[in-house]
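work_6.txt follows (compact mmCIF, C-alpha atoms and all ligand atoms):
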```
# COMPACT_ATOMS: atom_id res chain seq x y z
CA GLU A 1 19.69 3.76 -3.87
CA PRO A 2 18.31 0.44 -2.61
CA ILE A 3 15.79 0.36 0.23
CA ALA A 4 15.84 -2.21 3.04
CA GLY A 5 12.28 -3.54 2.89
CA THR A 6 10.51 -4.59 6.08
CA PRO A 7 9.34 -8.19 6.55
CA VAL A 8 5.81 -8.51 7.94
CA THR A 9 4.74 -11.31 10.28
CA ILE A 10 1.04 -11.69 11.03
CA ASP A 11 0.06 -14.21 13.68
CA ASP A 12 -3.46 -15.39 14.47
CA VAL A 13 -4.98 -11.94 13.87
CA SER A 14 -8.68 -11.35 14.30
CA LYS A 15 -10.73 -8.19 13.97
CA ARG A 16 -14.33 -7.82 15.07
CA PHE A 17 -16.64 -4.94 14.26
CA GLY A 18 -19.50 -5.50 16.69
CA GLY A 19 -20.92 -8.87 15.66
CA VAL A 20 -18.96 -9.04 12.38
CA LYS A 21 -15.69 -10.96 12.29
CA ALA A 22 -13.91 -9.07 9.50
CA LEU A 23 -10.75 -11.16 10.05
CA ASP A 24 -10.62 -14.50 11.81
CA GLY A 25 -7.32 -16.11 12.79
CA VAL A 26 -5.26 -14.80 9.87
CA ALA A 27 -1.55 -15.63 9.68
CA MET A 28 1.06 -14.73 7.08
CA ALA A 29 4.81 -14.41 6.86
CA LEU A 30 5.72 -11.86 4.20
CA PRO A 31 9.43 -11.72 3.34
CA ALA A 32 11.07 -8.34 2.76
CA GLY A 33 11.33 -6.83 -0.70
CA ARG A 34 8.58 -8.93 -2.28
CA ILE A 35 5.18 -8.24 -3.72
CA HIS A 36 2.38 -9.76 -1.70
CA ALA A 37 -1.14 -9.67 -3.12
CA VAL A 38 -4.31 -10.08 -1.09
CA VAL A 39 -7.35 -11.08 -3.13
CA GLY A 40 -10.88 -12.23 -2.37
CA PRO A 41 -14.51 -11.23 -2.82
CA ASN A 42 -15.98 -8.00 -1.45
CA GLY A 43 -16.31 -8.03 2.31
CA SER A 44 -13.68 -10.75 2.77
CA GLY A 45 -11.49 -8.53 4.97
CA LYS A 46 -8.83 -7.26 2.56
CA THR A 47 -9.03 -3.56 3.40
CA THR A 48 -9.37 -4.39 7.08
CA LEU A 49 -6.02 -6.18 6.85
CA LEU A 50 -4.38 -3.02 5.42
CA ASN A 51 -6.10 -0.96 8.12
CA LEU A 52 -4.64 -3.19 10.82
CA ILE A 53 -1.11 -3.12 9.38
CA SER A 54 -1.18 0.68 9.11
CA GLY A 55 -2.73 1.00 12.59
CA PHE A 56 -5.97 2.66 11.44
CA TYR A 57 -7.76 0.05 13.54
CA PRO A 58 -6.36 -2.01 16.39
CA ALA A 59 -6.56 -5.81 15.96
CA SER A 60 -8.99 -7.49 18.36
CA SER A 61 -6.37 -10.18 19.00
CA GLY A 62 -3.14 -11.57 17.59
CA SER A 63 0.21 -10.12 16.66
CA ILE A 64 1.54 -8.07 13.72
CA ARG A 65 5.28 -7.48 13.55
CA LEU A 66 7.16 -5.18 11.21
CA GLY A 67 10.62 -6.62 11.36
CA THR A 68 10.85 -7.41 15.06
CA THR A 69 8.59 -4.54 16.20
CA GLU A 70 5.14 -5.49 17.48
CA ILE A 71 2.66 -2.91 16.16
CA VAL A 72 -0.71 -4.13 17.48
CA GLY A 73 -1.89 -1.23 19.63
CA ALA A 74 0.57 1.28 18.10
CA ALA A 75 -0.82 4.59 16.77
CA PRO A 76 -0.80 5.15 12.98
CA SER A 77 1.71 8.00 13.40
CA ARG A 78 4.15 5.66 15.15
CA ILE A 79 3.70 3.02 12.45
CA ALA A 80 4.25 5.67 9.75
CA ARG A 81 7.55 6.52 11.44
CA LEU A 82 8.54 2.89 10.92
CA SER A 83 8.63 3.82 7.23
CA VAL A 84 5.20 2.48 6.28
CA GLN A 85 3.19 4.26 3.59
CA ARG A 86 -0.18 3.46 2.09
CA THR A 87 -2.61 4.42 -0.63
CA PHE A 88 -6.39 4.34 -0.42
CA GLN A 89 -9.25 2.97 -2.53
CA THR A 90 -10.61 6.50 -2.55
CA PRO A 91 -7.47 8.62 -2.97
CA LYS A 92 -6.80 11.08 -0.16
CA LEU A 93 -5.12 14.02 -1.86
CA LEU A 94 -5.40 17.71 -1.07
CA GLY A 95 -7.67 18.40 -4.02
CA ASP A 96 -7.08 22.16 -4.20
CA LEU A 97 -3.32 21.73 -4.43
CA SER A 98 -1.43 20.75 -7.57
CA VAL A 99 -0.28 17.24 -8.35
CA ILE A 100 3.37 18.12 -7.66
CA GLU A 101 2.53 19.87 -4.37
CA ASN A 102 0.72 16.73 -3.24
CA THR A 103 3.68 14.58 -4.28
CA ARG A 104 6.12 16.77 -2.34
CA PHE A 105 4.18 16.10 0.87
CA GLY A 106 5.50 12.54 0.89
CA GLY A 107 9.00 13.97 1.15
CA TYR A 108 8.20 15.75 4.38
CA ALA A 109 7.67 12.37 6.06
CA ARG A 110 11.30 11.63 5.29
CA GLU A 111 12.39 15.12 6.31
CA ALA A 112 10.58 14.88 9.63
CA ALA A 113 13.75 13.16 10.81
CA ASN A 114 15.69 16.41 10.35
CA GLY A 115 12.75 18.73 11.02
CA PHE A 116 14.86 20.53 13.61
CA GLU A 117 17.36 21.56 10.95
CA LEU A 118 14.56 22.63 8.65
CA ALA A 119 13.03 24.75 11.44
CA LEU A 120 16.37 26.51 11.88
CA ARG A 121 16.63 26.87 8.09
CA LEU A 122 20.05 25.36 7.97
CA PRO A 123 21.47 25.44 4.44
CA ARG A 124 21.49 21.67 4.04
CA ALA A 125 17.81 21.39 4.92
CA ARG A 126 16.95 24.24 2.56
CA ARG A 127 18.80 22.55 -0.26
CA GLU A 128 16.99 19.29 0.42
CA ALA A 129 13.63 21.05 0.25
CA ALA A 130 14.54 22.40 -3.19
CA ASP A 131 15.71 18.96 -4.32
CA LEU A 132 12.28 17.65 -3.44
CA ASP A 133 10.74 19.32 -6.49
CA GLY A 134 13.13 17.56 -8.82
CA GLU A 135 12.54 14.27 -7.09
CA ALA A 136 8.76 14.72 -7.17
CA MET A 137 8.99 15.31 -10.93
CA GLN A 138 11.01 12.12 -11.37
CA TRP A 139 8.41 10.00 -9.58
CA LEU A 140 5.58 11.70 -11.46
CA ALA A 141 7.35 10.91 -14.72
CA LEU A 142 7.62 7.29 -13.61
CA VAL A 143 3.86 7.07 -12.95
CA GLY A 144 3.22 8.82 -16.28
CA LEU A 145 1.84 12.06 -14.88
CA ALA A 146 4.66 14.55 -15.47
CA ASP A 147 2.45 16.50 -17.86
CA ARG A 148 -0.22 16.87 -15.14
CA ALA A 149 2.24 18.09 -12.46
CA HIS A 150 0.81 21.59 -12.25
CA ASP A 151 -2.86 20.66 -12.58
CA GLN A 152 -5.15 20.76 -9.59
CA ALA A 153 -5.16 17.24 -8.08
CA ALA A 154 -8.97 17.11 -7.83
CA LEU A 155 -9.24 17.43 -11.63
CA LEU A 156 -7.59 14.04 -12.25
CA PRO A 157 -9.69 10.87 -12.54
CA HIS A 158 -9.55 8.63 -9.44
CA GLY A 159 -7.24 6.08 -11.06
CA GLN A 160 -4.64 8.77 -11.76
CA GLN A 161 -5.08 10.27 -8.29
CA ARG A 162 -4.14 6.84 -6.94
CA LEU A 163 -0.96 6.96 -9.05
CA VAL A 164 -0.18 10.37 -7.50
CA GLU A 165 -0.62 8.76 -4.07
CA ILE A 166 1.93 6.13 -5.09
CA ALA A 167 4.39 8.83 -6.20
CA ARG A 168 3.78 10.65 -2.90
CA ALA A 169 4.46 7.43 -1.00
CA LEU A 170 7.62 6.62 -2.97
CA ILE A 171 9.26 9.99 -2.42
CA GLY A 172 9.16 9.13 1.31
CA ARG A 173 11.28 6.00 0.55
CA PRO A 174 8.96 3.57 2.37
CA GLN A 175 10.23 0.21 3.60
CA LEU A 176 6.69 -1.11 3.49
CA LEU A 177 4.08 0.10 1.01
CA LEU A 178 0.41 -0.84 1.30
CA LEU A 179 -1.60 -0.42 -1.88
CA ASP A 180 -5.41 -0.61 -1.83
CA GLU A 181 -6.65 -1.56 -5.30
CA PRO A 182 -4.05 0.40 -7.27
CA ALA A 183 -5.40 -0.83 -10.63
CA ALA A 184 -9.00 0.27 -10.12
CA GLY A 185 -10.13 2.72 -12.78
CA LEU A 186 -6.88 2.68 -14.77
CA SER A 187 -6.78 2.60 -18.57
CA MET A 188 -4.88 -0.19 -20.33
CA GLY A 189 -1.86 2.09 -20.79
CA GLU A 190 -1.91 3.17 -17.14
CA LEU A 191 -2.23 -0.46 -16.06
CA GLU A 192 0.94 -1.38 -17.94
CA ARG A 193 2.70 1.56 -16.36
CA LEU A 194 1.53 0.45 -12.92
CA ALA A 195 2.94 -3.04 -13.52
CA THR A 196 6.28 -1.53 -14.57
CA LEU A 197 6.21 0.80 -11.57
CA ILE A 198 5.57 -2.04 -9.11
CA ALA A 199 8.39 -4.05 -10.68
CA GLU A 200 10.59 -0.97 -10.20
CA MET A 201 9.66 -0.78 -6.50
CA ARG A 202 10.50 -4.46 -6.13
CA LYS A 203 13.92 -3.77 -7.64
CA LEU A 204 14.43 -0.99 -5.08
CA GLY A 205 13.71 -3.51 -2.31
CA ILE A 206 10.43 -2.16 -0.94
CA THR A 207 8.06 -4.70 0.63
CA ILE A 208 4.63 -4.34 -0.98
CA VAL A 209 1.28 -5.56 0.31
CA MET A 210 -1.34 -5.00 -2.34
CA VAL A 211 -5.09 -5.55 -2.29
CA GLU A 212 -6.15 -6.02 -5.89
CA HIS A 213 -9.12 -7.31 -7.87
CA HIS A 214 -7.31 -7.36 -11.19
CA ILE A 215 -6.32 -11.03 -11.18
CA GLU A 216 -4.22 -10.88 -14.35
CA LEU A 217 -2.11 -8.10 -12.86
CA VAL A 218 -1.74 -10.09 -9.63
CA ALA A 219 -0.78 -13.27 -11.50
CA ASP A 220 1.71 -11.22 -13.48
CA ILE A 221 3.55 -9.35 -10.72
CA ALA A 222 2.87 -10.88 -7.29
CA ASP A 223 5.43 -13.11 -5.59
CA THR A 224 2.92 -14.45 -3.09
CA VAL A 225 -0.87 -14.42 -3.02
CA THR A 226 -3.27 -14.75 -0.10
CA VAL A 227 -6.91 -15.46 -0.86
CA LEU A 228 -9.31 -14.28 1.84
CA ASP A 229 -12.88 -15.46 2.13
CA GLN A 230 -15.14 -14.23 4.94
CA GLY A 231 -12.17 -13.16 7.01
CA ARG A 232 -10.34 -16.47 6.72
CA ILE A 233 -7.46 -17.60 4.55
CA LEU A 234 -8.74 -19.78 1.73
CA ALA A 235 -5.36 -20.25 0.05
CA GLN A 236 -1.85 -18.87 0.31
CA GLY A 237 1.37 -19.40 -1.60
CA SER A 238 3.10 -18.43 -4.82
CA ALA A 239 0.86 -16.94 -7.50
CA GLU A 240 1.22 -20.13 -9.55
CA GLU A 241 0.28 -22.41 -6.67
CA VAL A 242 -2.67 -20.31 -5.60
CA PHE A 243 -4.24 -19.85 -9.02
CA ARG A 244 -3.86 -23.58 -9.74
CA SER A 245 -5.70 -24.49 -6.54
CA ALA A 246 -9.10 -26.07 -7.22
CA GLU A 247 -10.61 -24.36 -4.18
CA VAL A 248 -9.62 -20.93 -5.45
CA VAL A 249 -10.86 -21.63 -8.95
CA LYS A 250 -14.14 -22.77 -7.42
CA ALA A 251 -14.46 -19.64 -5.27
CA TYR A 252 -13.80 -17.45 -8.30
CA THR A 253 -16.09 -19.22 -10.69
CA GLY A 254 -18.79 -19.70 -8.08
CA GLY A 255 -18.87 -23.41 -8.92
P1 LIG B 301 -12.93 -6.08 1.58
O1 LIG B 301 -11.86 -5.05 1.61
O2 LIG B 301 -12.43 -7.45 1.32
O3 LIG B 301 -14.06 -5.72 0.67
P2 LIG B 301 -13.47 -5.17 4.26
O4 LIG B 301 -12.21 -5.38 4.99
O5 LIG B 301 -13.76 -3.79 3.80
O6 LIG B 301 -13.58 -6.19 3.05
O7 LIG B 301 -14.69 -5.63 5.16
C1 LIG B 301 -14.74 -6.89 5.83
C2 LIG B 301 -15.98 -6.93 6.73
O8 LIG B 301 -15.82 -6.02 7.80
C3 LIG B 301 -17.26 -6.52 6.01
O9 LIG B 301 -18.32 -7.30 6.53
C4 LIG B 301 -17.41 -5.07 6.42
O10 LIG B 301 -18.77 -4.70 6.41
C5 LIG B 301 -16.83 -5.06 7.83
N1 LIG B 301 -16.24 -3.75 8.17
C6 LIG B 301 -15.11 -3.22 7.63
N2 LIG B 301 -14.82 -2.03 8.18
C7 LIG B 301 -15.80 -1.80 9.10
C8 LIG B 301 -16.07 -0.74 10.02
N3 LIG B 301 -15.27 0.33 10.12
N4 LIG B 301 -17.15 -0.85 10.82
C9 LIG B 301 -17.96 -1.93 10.74
N5 LIG B 301 -17.77 -2.97 9.92
C10 LIG B 301 -16.70 -2.92 9.10
```

Just give me the structure as structure tokens.
Ligand code: ADP
Amino acid sequence: EPIAGTPVTIDDVSKRFGGVKALDGVAMALPAGRIHAVVGPNGSGKTTLLNLISGFYPASSGSIRLGTTEIVGAAPSRIARLSVQRTFQTPKLLGDLSVIENTRFGGYAREAANGFELALRLPRARREAADLDGEAMQWLALVGLADRAHDQAALLPHGQQRLVEIARALIGRPQLLLLDEPAAGLSMGELERLATLIAEMRKLGITIVMVEHHIELVADIADTVTVLDQGRILAQGSAEEVFRSAEVVKAYTGG
């Protein structure tokens, strides 16, 4: 079933941490259902941007809209209810639980809408809870981890734990998915699977904002690319435009 992705509009956003300007007057218009990559050197403000969109930190100034909803100042729980999911550089799984149990958790976000029914144990809600296992297995198969479904999550390498986070996010049918360095620590095979998976999400219609260092992956799958440097936008546009830009080449080759 297709998903109606959320467009994201960021207007003149700044974020200060004490004396540090992590983001400085950033603006972007991200159309729905596309893959938007944010690249740049360490400390350029990439993760801060994801933290502002998901409400982990409030912006110091500026506006961030999901669709037409202003979210600067909104709590993370409220933003999550707008169908926003994210993954982390350091995966946040419940390490003692199995991979499939962790994946199922993403489904509860979706079920929160009919939590009342679930509390009353109405038959429909019970059936949906059972369906969740089958659905979790499907997503795990898609990220290539079906054979690890019953292993303890903490036993997986970090790269694979990040794939479990993606499966957990997808089962919640997000309209906006924020990925923080999804390719880090993946093997070549896993990397190819990730590229296929992201293409699959694009087909579904999910809007994706992805921080990623793996430039080949970005060039391969991103619709638009924003290059950050010291909290400011150095370049922005289609992947082709951005990676042709002399400024960007210079920043990346240190020339
Ligand atoms: P990137 O993800 O591009 O590596 P970050 O967004 O993590 O960059 O960091 C941008 C700048 O903001 C850095 O100078 C970093 O030290 C600072 N920063 C990020 N988060 C915090 C925080 N919670 N407290 C203080 N400074 C922070």

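With all atoms listed in the file as the basis for measurement, A:Arg173 is the residue among A:Pro157, A:Arg173, A:Gln152, A:Leu217 that approaches Glu135 (chain A) most closely.
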
*asked:* Residues near Ile64 (chain A), anyone? I mean within 9 Å using only C-alpha atoms, not counting same-chain ones fewer than 6 positions away, as a VMD selection string.
replied: chain A and resid 8 to 13 52 to 53 70 to 72

*Which one is closest to Gly107 (chain A): A:Ala195, A:Leu66, A:Val248, A:Ile171? Count all atoms listed in the file.*
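Using all atoms listed in the file, Gly107 (chain A) sits closest to A:Ile171.
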
*asked:* Nearest residue to Ala37 (chain A) out of A:Leu179, A:Leu170, A:Met201, A:Ala4, using only C-alpha atoms?
replied: A:Leu179

*asked:* Using all atoms listed in the file, which residues have at least one atom no more than 12 Å from ligand LIG 301 (chain B)? Output them as a PyMOL selection string.
replied: chain A and resi 14-24+38-52+56-59+88-89+179-181+210-213+226-233

Which residues come within 7 Å of His36 (chain A), counting only C-alpha atoms, excluding same-chain residues fewer than 6 positions away, as a PDB file with C-alpha atoms, in the coordinates of the input?
```pdb
ATOM      1  CA  ILE A 208       4.630  -4.340  -0.980  1.00  0.00           C
ATOM      2  CA  VAL A 209       1.280  -5.560   0.310  1.00  0.00           C
ATOM      3  CA  MET A 210      -1.340  -5.000  -2.340  1.00  0.00           C
ATOM      4  CA  ALA A 222       2.870 -10.880  -7.290  1.00  0.00           C
ATOM      5  CA  ASP A 223       5.430 -13.110  -5.590  1.00  0.00           C
ATOM      6  CA  THR A 224       2.920 -14.450  -3.090  1.00  0.00           C
ATOM      7  CA  VAL A 225      -0.870 -14.420  -3.020  1.00  0.00           C
TER       8      VAL A 225
END
```

*Suppose you want the space between CA of Val84 (chain A) and CA of Ala235 (chain A); what is it in Å?*
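Between CA of Val84 (chain A) and CA of Ala235 (chain A) the gap is 25.8 Å.
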
*For Gly25 (chain A), which residue out of A:Leu234, A:Val242, A:Leu176, A:Ala149 is the nearest one, using all atoms listed in the file?*
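Distance minimum relative to Gly25 (chain A) lands on A:Leu234.
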
*Between A:Ala251, A:Ala239, A:Asp131, A:Gly159, which has the minimum distance to Val218 (chain A) (counting only C-alpha atoms)?*
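Going through A:Ala251, A:Ala239, A:Asp131, A:Gly159 one by one, the smallest distance to Val218 (chain A) is for A:Ala239.
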
*Exercise: region 144-146 of chain A partners within 9 Å, only C-alpha atoms, chain neighbours under 2 positions left out, as a ChimeraX atom specification*: /A:99-100,137-142,148-150,160,163-164,190,193

*asked:* I want to know what sits within 7 Å of Ala169 (chain A), based on all atoms listed in the file, with residues of the same chain fewer than 2 positions away left out; could you give that as a VMD selection string?
replied: chain A and resid 85 to 86 106 165 to 167 171 to 172 174

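The two atoms in question, CA of Gln175 (chain A) and CA of Ser54 (chain A), are spaced 12.7 Å apart.
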
*What separation in Å, quoted to one decimal, exists between CA of Ser238 (chain A) and CA of Lys250 (chain A)?*
18.0 Å

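Using all atoms listed in the file, the shortest contact distance between Ser98 (chain A) and any of A:Ala75, A:Thr69, A:Leu155, A:Gly55 is found at A:Leu155.
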
Pick out the residues sitting within 8 Å of Arg104 (chain A), and hand them over as an mmCIF file with C-alpha atoms, in the coordinates of the input; count only C-alpha atoms, and ignore anything fewer than 6 positions along from it in its own chain.
```cif
data_model
loop_
_atom_site.group_PDB
_atom_site.id
_atom_site.type_symbol
_atom_site.label_atom_id
_atom_site.label_comp_id
_atom_site.auth_asym_id
_atom_site.auth_seq_id
_atom_site.Cartn_x
_atom_site.Cartn_y
_atom_site.Cartn_z
ATOM 1 C CA LEU A 132 12.280 17.650 -3.440
ATOM 2 C CA ASP A 133 10.740 19.320 -6.490
ATOM 3 C CA ALA A 136 8.760 14.720 -7.170
ATOM 4 C CA ARG A 168 3.780 10.650 -2.900
ATOM 5 C CA ILE A 171 9.260 9.990 -2.420
#
```
